[in-house]
Structure formats: structure tokens, C-alpha cells
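The next block holds one structure in the form of C-alpha cells; read it before the comments.
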Amino acid sequence: MLDPKDCRDMPTLRDQIDALDRDLVHLLKKRMGYIDRAVEIKSDNGLPANIPARVEDVVAKVKAVAEKEQLDAELVETLWRQLIDWSITREAQVIRRD
């Protein structure tokens with residue numbers, strides 16, 4: 001990947017953004033694999049999909065990383081809460097079927 005300041009024109013910049021977006025999608029797919037495993041473990045152990053203390057722990061951790069990286073922590077929190085909500089909904093649907 002090029003450093004953003006090394007992108008001399010919009011096509012080059014867009015190519016870099018597109019590549020980064022592909023990487024983010026791959027990472028989200030990998031994260032979903034862990035969520036799928038969490039569903040199995042939670043089902044086997046009678047745990048609920050939503051564990052509020054864990055949600056807040058995850059959000060606090062990503063906000064800390066965002067702050068360290070000088071990224072807008074509110075943006076990161078909003079994105080992660082959406083991701084977590086989607087994951088919990090998905091988990092709950094599978095757990096209810098079991």
C-alpha cells in the first residue's frame with residue numbers, strides 16, 4: 001500500500017482505498033468466524049447472545065485503540081456498536097434455533 005501522501009492523483013488514491021476496503025471486508029469475514037464459534041460455545045454452555053459487560057469491554061478497548069491512533073473514538077464506537085448489535089442479533093437467531 002502506498003502512503004496517502006504518495007498518491008499523486010485520484011485514480012491512484014481510489015485504487016488504494018479500494019484495496020484497503022477489500023482488506024477490511026476480509027478482516028470482517030475473519031471476525032465473523034470467531035462470532036460463529038462464539039455461538040457454538042454459548043449454545044453448549046447455556047450463555048445468552050448478549051452479554052452487556054462484554055459489549056462494553058469491547059467498545060472500551062476499540063475506543064482506546066482509536067484514541068492511541070488519533071482516530072475519532074466516537075466514530076469507532078458507533079461503528080463497533082453497529083457491528084456488535086448485528087453480531088448479537090445473528091447469535092440470538094442461531095441460539096434460539098438450537
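Residues are referred to by chain and number: the chain letter is A, B, ... according to the order shown in the C-alpha cells, the number counts from 1 in that chain, and ligands are numbered separately from 1 in the order shown.
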Handout entry: Shell around segment 36-47 of chain A at 8 Å using only C-alpha atoms, local window under 4 positions removed, as a PyMOL selection string
Key = chain A and resi 32+91+94-95+98
Practice task
Pick out the residues sitting within 12 Å of Ala60 of chain A, and hand them over as a list in words; count only C-alpha atoms, and ignore anything fewer than 5 positions along from it in its own chain.
Solution key: Ala53, Arg54, Val55, Val65, Ala66, Glu67, Ala73, Glu74, Val76, Glu77, Thr78, Trp80 and Arg81 of chain A
Practice task
Just give me the gap between atom CA of Gln82 of chain A and atom CA of Lys30 of chain A in Å, one decimal is fine.
Solution key: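 Interatomic distance here is 17.1 Å.
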Problem - Distance criterion (only C-alpha atoms): nearest to Asp23 of chain A out of A:Ala64, A:Met1, A:Ala92, A:Val58 - result: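 Nearest to Asp23 of chain A: A:Met1.
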Handout entry: Pairwise distance for atom CA of Tyr34 of chain A and atom CA of Lys63 of chain A, rounded to one decimal in Å
Key =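 We find that atom CA of Tyr34 of chain A and atom CA of Lys63 of chain A lie 20.5 Å from each other.
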